[in-house]
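Novice: Dropping the structure in here first, questions after.
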Amino acid sequence: MDAFPQAESLIRARQGRATPARLRVLATLLAAPRALTHHELETALGEPFDRVTLYRVLDWLVKERLAHKIAGDDRVWRFNAVAAQTHPHAHFRCTGCGKVFCLENLSTSFALDLPTGFRAEHVDLTVAGRCPNCA
Ligand SMILES: [Zn+2]
Ligand SMILES: [Zn+2]
């Protein structure tokens, strides 16, 4: 599926400028079946991509909540974009291959059921285990 039209409408909905760099990075993230490291993203983009531009684009996408980043076990950030970010979702980290997947259908809202006096600012739920490839 071509993710470019989707990326363009998401960026425009945020009143952002749909630059070629933003479009390419967001479309690549939308099309990726899992969260990607900088290195994997560079590979997925195909043609060489200026590294500074890539960092800036990722910062902007995260700031605008068009993409999100997940810390892996190895302290390497992974990036992904999901079309409908209506709720925070859980992640799955494979202990075999180290790949990180978005579990878009697994809401983390239960984690917000906190005792009186506690206020959540951020929920980061990662399930560790084996992905279908490594099971
Ligand atoms: Zn795996
Ligand atoms: Zn995710």
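Every chain in the structure tokens has a letter given in the order shown (A, B, ...), and although residue numbers restart at 1 in each chain, ligands are simply numbered from 1 in the order shown.
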Check every protein, DNA and RNA residue against ligand 2, keep those with an atom at most 8 Å away (counting only C-alpha atoms and all ligand atoms), and present them as a list in words.
Specialist: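 The residues within 8 Å of ligand 2, counting only C-alpha atoms and all ligand atoms, are Ala35, His68, Lys69, Ile70, Phe79, Asn80, Ala81, Val82, Pro88, His89, Ala90, His91, Phe101, Cys102, Leu103 and Glu104 of chain A.
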Novice: Mind listing the residues within 12 Å of ligand 1, only C-alpha atoms and all ligand atoms counted, as a PDB file with C-alpha atoms, in the first residue's frame?
Specialist:
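File written: part_5.pdb
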```
ATOM      1  CA  ARG A  34       7.463  -2.826  13.304  1.00  0.00           C
ATOM      2  CA  PHE A  92       6.270  -6.057  22.325  1.00  0.00           C
ATOM      3  CA  ARG A  93      10.004  -6.615  22.433  1.00  0.00           C
ATOM      4  CA  CYS A  94      11.341  -9.937  21.154  1.00  0.00           C
ATOM      5  CA  THR A  95      14.056 -11.383  23.376  1.00  0.00           C
ATOM      6  CA  GLY A  96      15.264 -13.434  20.429  1.00  0.00           C
ATOM      7  CA  CYS A  97      15.834 -10.905  17.637  1.00  0.00           C
ATOM      8  CA  GLY A  98      15.414  -7.660  19.596  1.00  0.00           C
ATOM      9  CA  LYS A  99      12.727  -6.330  17.265  1.00  0.00           C
ATOM     10  CA  VAL A 100      10.057  -4.058  18.724  1.00  0.00           C
ATOM     11  CA  PHE A 101       6.433  -4.184  17.570  1.00  0.00           C
ATOM     12  CA  ALA A 128       8.912  -9.033  26.451  1.00  0.00           C
ATOM     13  CA  GLY A 129       8.802 -12.427  24.785  1.00  0.00           C
ATOM     14  CA  ARG A 130       9.246 -14.232  21.482  1.00  0.00           C
ATOM     15  CA  CYS A 131       7.959 -12.957  18.153  1.00  0.00           C
ATOM     16  CA  PRO A 132       6.416 -15.405  15.631  1.00  0.00           C
ATOM     17  CA  ASN A 133       9.770 -15.707  13.857  1.00  0.00           C
ATOM     18  CA  CYS A 134      11.678 -16.653  16.999  1.00  0.00           C
ATOM     19  CA  ALA A 135       9.060 -18.680  18.879  1.00  0.00           C
TER      20      ALA A 135
END
```
Novice: Pick out each residue of chain A that DSSP on the backbone tags as helix (DSSP H, G or I); I need them as a PyMOL selection string.
Specialist: chain A and resi 4-13+20-31+38-45+51-63+109-112
Novice: Identify which of the residues A:Pro5, A:Gly46, A:Leu54, A:Arg75 lies closest to Val25 of chain A, counting only C-alpha atoms when measuring atom-to-atom distances.
Specialist: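 Once distances to Val25 of chain A are computed over only C-alpha atoms, the minimum belongs to A:Leu54.
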Novice: How many Å separate atom CA of Ala27 of chain A from atom CA of Gln6 of chain A?
Specialist: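 Computed distance, atom CA of Ala27 of chain A to atom CA of Gln6 of chain A, equals 7.5 Å.
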Novice: Write out as a PyMOL selection string which residues come within 12 Å of Leu58 of chain A when counting only C-alpha atoms, dropping same-chain ones fewer than 3 positions away.
Specialist: chain A and resi 21-26+28-29+36-38+41-42+51-55+61-69+77-81
Novice: Pick out each residue of chain A that DSSP on the backbone tags as strand (DSSP E); I need them as a ChimeraX atom specification.
Specialist: /A:68-71,77-80,89-94,100-107,126-129
Novice: Go ahead and dump the residues you just picked, C-alpha atoms, as a PDB file, in the first residue's frame.
Specialist:
```pdb
ATOM      1  CA  HIS A  68       6.458   7.809  18.615  1.00  0.00           C
ATOM      2  CA  LYS A  69       9.675   6.402  19.943  1.00  0.00           C
ATOM      3  CA  ILE A  70      10.224   3.361  22.104  1.00  0.00           C
ATOM      4  CA  ALA A  71      13.366   2.628  24.094  1.00  0.00           C
ATOM      5  CA  TRP A  77      15.441   4.317  20.281  1.00  0.00           C
ATOM      6  CA  ARG A  78      13.034   2.796  17.812  1.00  0.00           C
ATOM      7  CA  PHE A  79      10.482   4.791  15.862  1.00  0.00           C
ATOM      8  CA  ASN A  80       7.109   3.910  14.470  1.00  0.00           C
ATOM      9  CA  HIS A  89      -0.691   1.285  23.141  1.00  0.00           C
ATOM     10  CA  ALA A  90       1.601  -1.402  24.486  1.00  0.00           C
ATOM     11  CA  HIS A  91       4.741  -2.647  22.767  1.00  0.00           C
ATOM     12  CA  PHE A  92       6.270  -6.057  22.325  1.00  0.00           C
ATOM     13  CA  ARG A  93      10.004  -6.615  22.433  1.00  0.00           C
ATOM     14  CA  CYS A  94      11.341  -9.937  21.154  1.00  0.00           C
ATOM     15  CA  VAL A 100      10.057  -4.058  18.724  1.00  0.00           C
ATOM     16  CA  PHE A 101       6.433  -4.184  17.570  1.00  0.00           C
ATOM     17  CA  CYS A 102       3.512  -1.826  18.245  1.00  0.00           C
ATOM     18  CA  LEU A 103       0.556  -3.642  19.764  1.00  0.00           C
ATOM     19  CA  GLU A 104      -2.013  -1.196  18.450  1.00  0.00           C
ATOM     20  CA  ASN A 105      -4.950  -3.186  19.770  1.00  0.00           C
ATOM     21  CA  LEU A 106      -3.550  -3.449  23.288  1.00  0.00           C
ATOM     22  CA  SER A 107      -4.470  -0.289  25.157  1.00  0.00           C
ATOM     23  CA  THR A 126       6.415  -3.251  26.954  1.00  0.00           C
ATOM     24  CA  VAL A 127       5.743  -6.958  26.828  1.00  0.00           C
ATOM     25  CA  ALA A 128       8.912  -9.033  26.451  1.00  0.00           C
ATOM     26  CA  GLY A 129       8.802 -12.427  24.785  1.00  0.00           C
TER      27      GLY A 129
END
```
Novice: So that I can see what lies close to Ala3 of chain A, please list as a PyMOL selection string the residues with an atom at most 7 Å from it, counting only C-alpha atoms and leaving out residues fewer than 4 positions away in the same chain.
Specialist: chain A and resi 7+27+30-31
Novice: Quick one, how far is atom CA of Phe110 of chain A from atom CA of Leu10 of chain A?
Specialist: 27.8 Å
